[in-house]
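Asker: PDB, N, CA and C atoms, saved as model_22.pdb, coming up:
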```pdb
ATOM      1  N   MET A 451     112.074 138.953 158.411
ATOM      2  CA  MET A 451     111.784 139.702 157.210
ATOM      3  C   MET A 451     112.838 140.772 156.911
ATOM      4  N   PRO A 452     113.338 141.505 157.954
ATOM      5  CA  PRO A 452     114.401 142.474 157.663
ATOM      6  C   PRO A 452     115.640 141.805 157.074
ATOM      7  N   ASN A 453     115.953 140.572 157.519
ATOM      8  CA  ASN A 453     117.114 139.868 156.973
ATOM      9  C   ASN A 453     116.934 139.588 155.489
ATOM     10  N   LEU A 454     115.710 139.257 155.076
ATOM     11  CA  LEU A 454     115.433 138.995 153.666
ATOM     12  C   LEU A 454     115.662 140.264 152.854
ATOM     13  N   LEU A 455     115.181 141.392 153.356
ATOM     14  CA  LEU A 455     115.357 142.657 152.658
ATOM     15  C   LEU A 455     116.833 142.992 152.523
ATOM     16  N   ILE A 456     117.577 142.800 153.584
ATOM     17  CA  ILE A 456     119.017 143.068 153.542
ATOM     18  C   ILE A 456     119.694 142.151 152.530
ATOM     19  N   THR A 457     119.316 140.876 152.530
ATOM     20  CA  THR A 457     119.892 139.921 151.582
ATOM     21  C   THR A 457     119.603 140.339 150.151
ATOM     22  N   VAL A 458     118.352 140.721 149.877
ATOM     23  CA  VAL A 458     117.979 141.140 148.522
ATOM     24  C   VAL A 458     118.766 142.375 148.111
ATOM     25  N   LEU A 459     118.902 143.335 149.019
ATOM     26  CA  LEU A 459     119.654 144.540 148.687
ATOM     27  C   LEU A 459     121.124 144.229 148.416
ATOM     28  N   ILE A 460     121.703 143.327 149.202
ATOM     29  CA  ILE A 460     123.092 142.926 148.969
ATOM     30  C   ILE A 460     123.229 142.256 147.610
ATOM     31  N   VAL A 461     122.303 141.352 147.306
ATOM     32  CA  VAL A 461     122.343 140.661 146.014
ATOM     33  C   VAL A 461     122.228 141.670 144.879
ATOM     34  N   LEU A 462     121.317 142.632 145.016
ATOM     35  CA  LEU A 462     121.162 143.645 143.970
ATOM     36  C   LEU A 462     122.426 144.478 143.815
ATOM     37  N   PHE A 463     123.049 144.837 144.931
ATOM     38  CA  PHE A 463     124.274 145.623 144.870
ATOM     39  C   PHE A 463     125.384 144.839 144.180
ATOM     40  N   ILE A 464     125.537 143.590 144.558
ATOM     41  CA  ILE A 464     126.586 142.750 143.978
ATOM     42  C   ILE A 464     126.312 142.491 142.502
ATOM     43  N   CYS A 465     125.038 142.265 142.163
ATOM     44  CA  CYS A 465     124.680 141.891 140.791
ATOM     45  C   CYS A 465     124.453 143.084 139.880
ATOM     46  N   LYS A 466     124.470 144.304 140.424
ATOM     47  CA  LYS A 466     124.161 145.477 139.609
ATOM     48  C   LYS A 466     124.982 145.536 138.321
ATOM     49  N   PRO A 467     126.284 145.255 138.353
ATOM     50  CA  PRO A 467     127.042 145.291 137.094
ATOM     51  C   PRO A 467     126.521 144.280 136.072
ATOM     52  N   PHE A 468     125.950 143.182 136.549
ATOM     53  CA  PHE A 468     125.483 142.150 135.640
ATOM     54  C   PHE A 468     124.084 142.450 135.104
ATOM     55  N   VAL A 469     123.334 143.299 135.812
ATOM     56  CA  VAL A 469     121.990 143.633 135.364
ATOM     57  C   VAL A 469     122.053 144.309 134.011
ATOM     58  N   ALA A 470     123.029 145.180 133.831
ATOM     59  CA  ALA A 470     123.173 145.857 132.551
ATOM     60  C   ALA A 470     123.426 144.849 131.435
ATOM     61  N   LEU A 471     124.015 143.709 131.793
ATOM     62  CA  LEU A 471     124.271 142.672 130.803
ATOM     63  C   LEU A 471     123.054 141.784 130.582
ATOM     64  N   GLY A 472     122.011 142.016 131.365
ATOM     65  CA  GLY A 472     120.800 141.217 131.239
ATOM     66  C   GLY A 472     120.296 141.266 129.808
ATOM     67  N   GLY A 473     119.677 140.189 129.417
ATOM     68  CA  GLY A 473     119.245 140.100 128.046
ATOM     69  C   GLY A 473     117.850 140.629 127.828
ATOM     70  N   GLY A 474     117.447 140.553 126.588
ATOM     71  CA  GLY A 474     116.078 140.894 126.249
ATOM     72  C   GLY A 474     115.162 139.748 126.661
ATOM     73  N   TRP A 475     113.915 139.872 126.294
ATOM     74  CA  TRP A 475     112.926 138.845 126.627
ATOM     75  C   TRP A 475     113.083 137.659 125.694
ATOM     76  N   LYS A 476     113.029 136.458 126.279
ATOM     77  CA  LYS A 476     113.132 135.214 125.498
ATOM     78  C   LYS A 476     111.907 134.356 125.779
ATOM     79  N   PRO A 477     111.317 133.771 124.733
ATOM     80  CA  PRO A 477     110.125 132.937 124.936
ATOM     81  C   PRO A 477     110.421 131.734 125.827
ATOM     82  N   ILE A 478     109.442 131.355 126.628
ATOM     83  CA  ILE A 478     109.541 130.137 127.431
ATOM     84  C   ILE A 478     109.051 128.994 126.552
ATOM     85  N   PRO A 479     109.913 128.027 126.245
ATOM     86  CA  PRO A 479     109.509 126.954 125.323
ATOM     87  C   PRO A 479     108.466 126.003 125.909
ATOM     88  N   ASP A 480     108.466 125.811 127.217
ATOM     89  CA  ASP A 480     107.535 124.861 127.836
ATOM     90  C   ASP A 480     106.841 125.532 129.018
ATOM     91  N   VAL A 481     105.641 126.075 128.756
ATOM     92  CA  VAL A 481     104.915 126.770 129.828
ATOM     93  C   VAL A 481     104.280 125.803 130.817
ATOM     94  N   THR A 482     104.426 124.492 130.578
ATOM     95  CA  THR A 482     103.941 123.503 131.546
ATOM     96  C   THR A 482     105.039 123.078 132.511
ATOM     97  N   ASP A 483     106.240 123.643 132.356
ATOM     98  CA  ASP A 483     107.338 123.360 133.281
ATOM     99  C   ASP A 483     106.863 123.695 134.706
ATOM    100  N   PRO A 484     107.114 122.817 135.667
ATOM    101  CA  PRO A 484     106.626 123.033 137.038
ATOM    102  C   PRO A 484     107.025 124.380 137.643
ATOM    103  N   LYS A 485     108.221 124.875 137.346
ATOM    104  CA  LYS A 485     108.641 126.178 137.887
ATOM    105  C   LYS A 485     107.778 127.296 137.311
ATOM    106  N   VAL A 486     107.493 127.240 136.011
ATOM    107  CA  VAL A 486     106.671 128.260 135.362
ATOM    108  C   VAL A 486     105.249 128.213 135.931
ATOM    109  N   VAL A 487     104.713 127.006 136.098
ATOM    110  CA  VAL A 487     103.370 126.847 136.672
ATOM    111  C   VAL A 487     103.343 127.405 138.093
ATOM    112  N   ASP A 488     104.384 127.116 138.870
ATOM    113  CA  ASP A 488     104.467 127.610 140.243
ATOM    114  C   ASP A 488     104.469 129.139 140.269
ATOM    115  N   ILE A 489     105.207 129.761 139.360
ATOM    116  CA  ILE A 489     105.257 131.219 139.303
ATOM    117  C   ILE A 489     103.901 131.780 138.864
ATOM    118  N   GLY A 490     103.225 131.096 137.946
ATOM    119  CA  GLY A 490     101.877 131.520 137.542
ATOM    120  C   GLY A 490     100.892 131.454 138.703
ATOM    121  N   LYS A 491     100.949 130.370 139.461
ATOM    122  CA  LYS A 491     100.079 130.237 140.644
ATOM    123  C   LYS A 491     100.396 131.322 141.667
ATOM    124  N   PHE A 492     101.686 131.572 141.876
ATOM    125  CA  PHE A 492     102.106 132.624 142.797
ATOM    126  C   PHE A 492     101.505 133.964 142.377
ATOM    127  N   ALA A 493     101.562 134.270 141.076
ATOM    128  CA  ALA A 493     101.048 135.548 140.576
ATOM    129  C   ALA A 493      99.562 135.701 140.893
ATOM    130  N   VAL A 494      98.792 134.659 140.645
ATOM    131  CA  VAL A 494      97.347 134.717 140.920
ATOM    132  C   VAL A 494      97.102 134.845 142.417
ATOM    133  N   ASP A 495      97.811 134.068 143.220
ATOM    134  CA  ASP A 495      97.647 134.139 144.677
ATOM    135  C   ASP A 495      97.976 135.531 145.214
ATOM    136  N   GLU A 496      99.074 136.112 144.748
ATOM    137  CA  GLU A 496      99.463 137.441 145.208
ATOM    138  C   GLU A 496      98.450 138.492 144.762
ATOM    139  N   HIS A 497      97.983 138.364 143.523
ATOM    140  CA  HIS A 497      96.952 139.293 143.047
ATOM    141  C   HIS A 497      95.702 139.200 143.925
ATOM    142  N   ASN A 498      95.311 137.972 144.250
ATOM    143  CA  ASN A 498      94.132 137.784 145.099
ATOM    144  C   ASN A 498      94.315 138.463 146.457
ATOM    145  N   LYS A 499      95.518 138.346 147.039
ATOM    146  CA  LYS A 499      95.793 138.975 148.335
ATOM    147  C   LYS A 499      95.777 140.497 148.225
ATOM    148  N   GLU A 500      96.433 141.016 147.191
ATOM    149  CA  GLU A 500      96.575 142.463 147.047
ATOM    150  C   GLU A 500      95.250 143.149 146.709
ATOM    151  N   ASP A 501      94.413 142.491 145.898
ATOM    152  CA  ASP A 501      93.180 143.125 145.426
ATOM    153  C   ASP A 501      91.921 142.525 146.039
ATOM    154  N   ASN A 502      92.103 141.675 147.047
ATOM    155  CA  ASN A 502      90.964 141.004 147.671
ATOM    156  C   ASN A 502      90.082 140.345 146.600
ATOM    157  N   ALA A 503      90.729 139.670 145.675
ATOM    158  CA  ALA A 503      90.046 138.996 144.570
ATOM    159  C   ALA A 503      89.967 137.503 144.864
ATOM    160  N   SER A 504      89.296 136.783 143.990
ATOM    161  CA  SER A 504      89.173 135.330 144.200
ATOM    162  C   SER A 504      89.344 134.575 142.882
ATOM    163  N   LEU A 505      90.357 134.979 142.123
ATOM    164  CA  LEU A 505      90.643 134.266 140.877
ATOM    165  C   LEU A 505      91.189 132.882 141.184
ATOM    166  N   LYS A 506      90.893 131.934 140.292
ATOM    167  CA  LYS A 506      91.425 130.580 140.424
ATOM    168  C   LYS A 506      92.342 130.318 139.238
ATOM    169  N   PHE A 507      93.596 130.002 139.532
ATOM    170  CA  PHE A 507      94.577 129.705 138.494
ATOM    171  C   PHE A 507      94.121 128.496 137.682
ATOM    172  N   ILE A 508      94.202 128.615 136.348
ATOM    173  CA  ILE A 508      93.910 127.487 135.455
ATOM    174  C   ILE A 508      95.212 126.982 134.819
ATOM    175  N   LYS A 509      95.889 127.870 134.063
ATOM    176  CA  LYS A 509      97.157 127.470 133.444
ATOM    177  C   LYS A 509      97.878 128.677 132.874
ATOM    178  N   VAL A 510      99.154 128.480 132.580
ATOM    179  CA  VAL A 510      99.960 129.464 131.868
ATOM    180  C   VAL A 510      99.878 129.096 130.391
ATOM    181  N   VAL A 511      99.570 130.076 129.537
ATOM    182  CA  VAL A 511      99.434 129.787 128.115
ATOM    183  C   VAL A 511     100.582 130.340 127.278
ATOM    184  N   LYS A 512     101.298 131.301 127.833
ATOM    185  CA  LYS A 512     102.408 131.893 127.095
ATOM    186  C   LYS A 512     103.308 132.582 128.104
ATOM    187  N   GLY A 513     104.592 132.652 127.789
ATOM    188  CA  GLY A 513     105.480 133.346 128.703
ATOM    189  C   GLY A 513     106.821 133.652 128.085
ATOM    190  N   GLU A 514     107.500 134.573 128.740
ATOM    191  CA  GLU A 514     108.857 134.906 128.346
ATOM    192  C   GLU A 514     109.642 135.287 129.596
ATOM    193  N   THR A 515     110.954 135.141 129.505
ATOM    194  CA  THR A 515     111.824 135.448 130.634
ATOM    195  C   THR A 515     112.842 136.495 130.225
ATOM    196  N   GLN A 516     113.350 137.178 131.250
ATOM    197  CA  GLN A 516     114.402 138.168 131.065
ATOM    198  C   GLN A 516     115.372 138.027 132.228
ATOM    199  N   VAL A 517     116.652 137.889 131.904
ATOM    200  CA  VAL A 517     117.678 137.799 132.939
ATOM    201  C   VAL A 517     117.908 139.189 133.511
ATOM    202  N   VAL A 518     117.786 139.294 134.832
ATOM    203  CA  VAL A 518     118.081 140.527 135.573
ATOM    204  C   VAL A 518     118.872 140.074 136.797
ATOM    205  N   ALA A 519     118.743 140.745 137.912
ATOM    206  CA  ALA A 519     119.289 140.224 139.165
ATOM    207  C   ALA A 519     118.287 139.160 139.589
ATOM    208  N   GLY A 520     118.434 137.992 139.027
ATOM    209  CA  GLY A 520     117.422 136.940 139.134
ATOM    210  C   GLY A 520     116.785 136.798 137.775
ATOM    211  N   MET A 521     115.454 136.633 137.757
ATOM    212  CA  MET A 521     114.752 136.440 136.491
ATOM    213  C   MET A 521     113.393 137.126 136.550
ATOM    214  N   ASN A 522     113.052 137.824 135.475
ATOM    215  CA  ASN A 522     111.699 138.340 135.310
ATOM    216  C   ASN A 522     110.918 137.334 134.476
ATOM    217  N   TYR A 523     109.677 137.092 134.870
ATOM    218  CA  TYR A 523     108.768 136.234 134.115
ATOM    219  C   TYR A 523     107.573 137.074 133.699
ATOM    220  N   ASN A 524     107.327 137.137 132.401
ATOM    221  CA  ASN A 524     106.153 137.818 131.873
ATOM    222  C   ASN A 524     105.223 136.723 131.355
ATOM    223  N   LEU A 525     104.146 136.468 132.088
ATOM    224  CA  LEU A 525     103.294 135.317 131.798
ATOM    225  C   LEU A 525     101.882 135.728 131.415
ATOM    226  N   THR A 526     101.336 135.044 130.415
ATOM    227  CA  THR A 526      99.911 135.138 130.125
ATOM    228  C   THR A 526      99.269 133.927 130.778
ATOM    229  N   ILE A 527      98.318 134.206 131.660
ATOM    230  CA  ILE A 527      97.713 133.179 132.520
ATOM    231  C   ILE A 527      96.213 133.143 132.271
ATOM    232  N   ILE A 528      95.659 131.941 132.238
ATOM    233  CA  ILE A 528      94.204 131.814 132.258
ATOM    234  C   ILE A 528      93.807 131.573 133.709
ATOM    235  N   ALA A 529      92.863 132.399 134.174
ATOM    236  CA  ALA A 529      92.341 132.251 135.527
ATOM    237  C   ALA A 529      90.828 132.423 135.465
ATOM    238  N   ALA A 530      90.160 131.776 136.409
ATOM    239  CA  ALA A 530      88.694 131.824 136.444
ATOM    240  C   ALA A 530      88.221 132.760 137.537
ATOM    241  N   ASP A 531      87.235 133.562 137.179
ATOM    242  CA  ASP A 531      86.530 134.409 138.134
ATOM    243  C   ASP A 531      85.124 133.835 138.196
ATOM    244  N   GLY A 532      84.911 132.956 139.149
ATOM    245  CA  GLY A 532      83.661 132.183 139.164
ATOM    246  C   GLY A 532      83.694 131.199 138.007
ATOM    247  N   SER A 533      82.696 131.262 137.142
ATOM    248  CA  SER A 533      82.650 130.336 136.007
ATOM    249  C   SER A 533      83.218 130.958 134.732
ATOM    250  N   VAL A 534      83.714 132.190 134.814
ATOM    251  CA  VAL A 534      84.232 132.899 133.640
ATOM    252  C   VAL A 534      85.756 132.837 133.634
ATOM    253  N   GLU A 535      86.317 132.314 132.549
ATOM    254  CA  GLU A 535      87.767 132.249 132.395
ATOM    255  C   GLU A 535      88.239 133.392 131.513
ATOM    256  N   ASN A 536      89.332 134.044 131.928
ATOM    257  CA  ASN A 536      89.922 135.137 131.165
ATOM    258  C   ASN A 536      91.434 135.017 131.168
ATOM    259  N   ASN A 537      92.051 135.729 130.232
ATOM    260  CA  ASN A 537      93.500 135.838 130.198
ATOM    261  C   ASN A 537      93.942 137.026 131.035
ATOM    262  N   TYR A 538      95.035 136.839 131.761
ATOM    263  CA  TYR A 538      95.652 137.886 132.558
ATOM    264  C   TYR A 538      97.141 137.891 132.246
ATOM    265  N   VAL A 539      97.774 139.040 132.384
ATOM    266  CA  VAL A 539      99.213 139.136 132.158
ATOM    267  C   VAL A 539      99.875 139.531 133.474
ATOM    268  N   ALA A 540     100.832 138.715 133.889
ATOM    269  CA  ALA A 540     101.525 138.945 135.157
ATOM    270  C   ALA A 540     103.021 139.080 134.914
ATOM    271  N   LEU A 541     103.634 139.995 135.645
ATOM    272  CA  LEU A 541     105.085 140.145 135.649
ATOM    273  C   LEU A 541     105.568 139.804 137.049
ATOM    274  N   VAL A 542     106.434 138.795 137.135
ATOM    275  CA  VAL A 542     106.953 138.331 138.425
ATOM    276  C   VAL A 542     108.478 138.398 138.384
ATOM    277  N   TRP A 543     109.045 138.948 139.442
ATOM    278  CA  TRP A 543     110.492 138.995 139.618
ATOM    279  C   TRP A 543     110.866 137.893 140.596
ATOM    280  N   ASP A 544     111.767 137.011 140.184
ATOM    281  CA  ASP A 544     112.149 135.855 140.996
ATOM    282  C   ASP A 544     113.661 135.842 141.197
ATOM    283  N   ILE A 545     114.068 135.736 142.467
ATOM    284  CA  ILE A 545     115.487 135.565 142.812
ATOM    285  C   ILE A 545     115.570 134.290 143.642
ATOM    286  N   PRO A 546     115.715 133.138 142.990
ATOM    287  CA  PRO A 546     115.623 131.870 143.707
ATOM    288  C   PRO A 546     116.660 131.686 144.805
ATOM    289  N   TRP A 547     117.910 132.126 144.587
ATOM    290  CA  TRP A 547     118.943 131.912 145.597
ATOM    291  C   TRP A 547     118.711 132.760 146.850
ATOM    292  N   ALA A 548     117.904 133.827 146.736
ATOM    293  CA  ALA A 548     117.581 134.658 147.896
ATOM    294  C   ALA A 548     116.193 134.316 148.446
ATOM    295  N   LYS A 549     115.549 133.316 147.828
ATOM    296  CA  LYS A 549     114.182 132.931 148.218
ATOM    297  C   LYS A 549     113.274 134.163 148.216
ATOM    298  N   PHE A 550     113.373 134.919 147.122
ATOM    299  CA  PHE A 550     112.610 136.154 146.961
ATOM    300  C   PHE A 550     111.794 136.071 145.684
ATOM    301  N   ARG A 551     110.540 136.448 145.788
ATOM    302  CA  ARG A 551     109.654 136.470 144.628
ATOM    303  C   ARG A 551     108.663 137.616 144.835
ATOM    304  N   LYS A 552     108.464 138.422 143.789
ATOM    305  CA  LYS A 552     107.579 139.584 143.907
ATOM    306  C   LYS A 552     106.710 139.709 142.663
ATOM    307  N   LEU A 553     105.421 139.937 142.892
ATOM    308  CA  LEU A 553     104.504 140.250 141.805
ATOM    309  C   LEU A 553     104.685 141.728 141.485
ATOM    310  N   VAL A 554     105.182 142.021 140.294
ATOM    311  CA  VAL A 554     105.444 143.388 139.890
ATOM    312  C   VAL A 554     104.189 144.019 139.307
ATOM    313  N   SER A 555     103.473 143.262 138.478
ATOM    314  CA  SER A 555     102.217 143.770 137.911
ATOM    315  C   SER A 555     101.315 142.602 137.560
ATOM    316  N   PHE A 556     100.028 142.907 137.529
ATOM    317  CA  PHE A 556      99.003 141.908 137.173
ATOM    318  C   PHE A 556      97.902 142.673 136.456
ATOM    319  N   LYS A 557      97.712 142.366 135.170
ATOM    320  CA  LYS A 557      96.741 143.098 134.358
ATOM    321  C   LYS A 557      95.708 142.160 133.771
ATOM    322  N   GLY A 558      94.515 142.656 133.651
ATOM    323  CA  GLY A 558      93.503 141.856 132.985
ATOM    324  C   GLY A 558      92.140 142.077 133.587
ATOM    325  N   PRO A 559      91.183 141.438 132.954
ATOM    326  CA  PRO A 559      91.349 140.518 131.820
ATOM    327  C   PRO A 559      91.808 141.250 130.562
ATOM    328  N   VAL A 560      92.609 140.532 129.777
ATOM    329  CA  VAL A 560      93.136 141.068 128.510
ATOM    330  C   VAL A 560      92.636 140.250 127.354
TER     331      VAL A 560
END
```
Can you turn what I pasted into structure tokens?
Answerer:
Amino acid sequence: MPNLLITVLIVLFICKPFVALGGGWKPIPDVTDPKVVDIGKFAVDEHNKEDNASLKFIKVVKGETQVVAGMNYNLTIIAADGSVENNYVALVWDIPWAKFRKLVSFKGPV
């Protein structure tokens, strides 16, 4: 785990000049793309761990990305709490080349 942290910090240091060049938010044209679905599932799983919750991922209904040191994903997710389905908004930071993914925020139901 310390090696992962060091790797992420190195990547951030190297990429810092490019972060300023990062773009604004862009809509995700296909929220059924397997990578987007995987990130949505990750968000729900991490939320469940952090808040001792038991939401069940249903699907991603809307999303947008932002280029940073890696990629930010801002996703609207439908998840079930028992038999009740609600929308939740998750922000996930993904750095695929460093095998790093972090749930930044999870809000809802919205």
Asker: Using only N, CA and C atoms, which residues sit within 8 Å of region 475-486 of chain A once same-chain residues fewer than 2 positions away are excluded, as a PyMOL selection string?
Answerer: chain A and resi 472-473+488-492+509-517
Asker: Can you write out the residues you just picked, keeping N, CA and C atoms, as an mmCIF file, keeping the file's coordinate frame?
Answerer:
```cif
data_model
loop_
_atom_site.group_PDB
_atom_site.id
_atom_site.type_symbol
_atom_site.label_atom_id
_atom_site.label_comp_id
_atom_site.auth_asym_id
_atom_site.auth_seq_id
_atom_site.Cartn_x
_atom_site.Cartn_y
_atom_site.Cartn_z
ATOM 1 N N GLY A 472 122.011 142.016 131.365
ATOM 2 C CA GLY A 472 120.800 141.217 131.239
ATOM 3 C C GLY A 472 120.296 141.266 129.808
ATOM 4 N N GLY A 473 119.677 140.189 129.417
ATOM 5 C CA GLY A 473 119.245 140.100 128.046
ATOM 6 C C GLY A 473 117.850 140.629 127.828
ATOM 7 N N ASP A 488 104.384 127.116 138.870
ATOM 8 C CA ASP A 488 104.467 127.610 140.243
ATOM 9 C C ASP A 488 104.469 129.139 140.269
ATOM 10 N N ILE A 489 105.207 129.761 139.360
ATOM 11 C CA ILE A 489 105.257 131.219 139.303
ATOM 12 C C ILE A 489 103.901 131.780 138.864
ATOM 13 N N GLY A 490 103.225 131.096 137.946
ATOM 14 C CA GLY A 490 101.877 131.520 137.542
ATOM 15 C C GLY A 490 100.892 131.454 138.703
ATOM 16 N N LYS A 491 100.949 130.370 139.461
ATOM 17 C CA LYS A 491 100.079 130.237 140.644
ATOM 18 C C LYS A 491 100.396 131.322 141.667
ATOM 19 N N PHE A 492 101.686 131.572 141.876
ATOM 20 C CA PHE A 492 102.106 132.624 142.797
ATOM 21 C C PHE A 492 101.505 133.964 142.377
ATOM 22 N N LYS A 509 95.889 127.870 134.063
ATOM 23 C CA LYS A 509 97.157 127.470 133.444
ATOM 24 C C LYS A 509 97.878 128.677 132.874
ATOM 25 N N VAL A 510 99.154 128.480 132.580
ATOM 26 C CA VAL A 510 99.960 129.464 131.868
ATOM 27 C C VAL A 510 99.878 129.096 130.391
ATOM 28 N N VAL A 511 99.570 130.076 129.537
ATOM 29 C CA VAL A 511 99.434 129.787 128.115
ATOM 30 C C VAL A 511 100.582 130.340 127.278
ATOM 31 N N LYS A 512 101.298 131.301 127.833
ATOM 32 C CA LYS A 512 102.408 131.893 127.095
ATOM 33 C C LYS A 512 103.308 132.582 128.104
ATOM 34 N N GLY A 513 104.592 132.652 127.789
ATOM 35 C CA GLY A 513 105.480 133.346 128.703
ATOM 36 C C GLY A 513 106.821 133.652 128.085
ATOM 37 N N GLU A 514 107.500 134.573 128.740
ATOM 38 C CA GLU A 514 108.857 134.906 128.346
ATOM 39 C C GLU A 514 109.642 135.287 129.596
ATOM 40 N N THR A 515 110.954 135.141 129.505
ATOM 41 C CA THR A 515 111.824 135.448 130.634
ATOM 42 C C THR A 515 112.842 136.495 130.225
ATOM 43 N N GLN A 516 113.350 137.178 131.250
ATOM 44 C CA GLN A 516 114.402 138.168 131.065
ATOM 45 C C GLN A 516 115.372 138.027 132.228
ATOM 46 N N VAL A 517 116.652 137.889 131.904
ATOM 47 C CA VAL A 517 117.678 137.799 132.939
ATOM 48 C C VAL A 517 117.908 139.189 133.511
#
```
Asker: Apply DSSP to the structure's backbone, then extract all residues of chain A labelled alpha helix (DSSP H) and return them as a VMD selection string.
Answerer: chain A and resid 452 to 469 484 to 501
Asker: Using CA of Asp544 (chain A) and atom C of Asn522 (chain A) as the two end points, give the distance in Å to one decimal.
Answerer: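 Between CA of Asp544 (chain A) and atom C of Asn522 (chain A) the gap is 6.8 Å.
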Asker: I need the residue nearest Met521 (chain A) from this list: A:Ser533, A:Gly474, A:Glu500, A:Tyr538. Use only C-alpha atoms for the distance.
Answerer: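 Smallest distance to Met521 (chain A) is found for A:Gly474.
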Asker: Once the PyMOL selection byres ((chain A and resi 525-530) around 5) is applied to the coordinates I shared, what remains selected? I want it as a PyMOL selection string.
Answerer: chain A and resi 505-513+523-524+531-532+534-540
Asker: To one decimal place in Å, what is the distance between CA of Asn502 (chain A) and atom N of Val487 (chain A)?
Answerer: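 Going from CA of Asn502 (chain A) over to atom N of Val487 (chain A), I get 22.8 Å.
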Asker: Can you measure atom C of Ala548 (chain A) to atom N of Ala519 (chain A) for me? One decimal in Å is fine.
Answerer: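 So the two atoms, atom C of Ala548 (chain A) and atom N of Ala519 (chain A), lie 12.6 Å apart.
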Asker: Taking every listed atom of region 543-551 of chain A and adding 6 Å to each side, what centre and edge lengths in Å (one decimal) does the axis-aligned box have, as JSON?
Answerer:
```
{"center_x": 113.8, "center_y": 135.3, "center_z": 143.9, "size_x": 22.3, "size_y": 19.3, "size_z": 21.0}
```
Asker: Please enumerate the residues selected by the PyMOL selection byres ((chain A and resi 556) around 8) when evaluated against the supplied file, formatted as a PyMOL selection string.
Answerer: chain A and resi 493+497+538-542+553-555+557-559
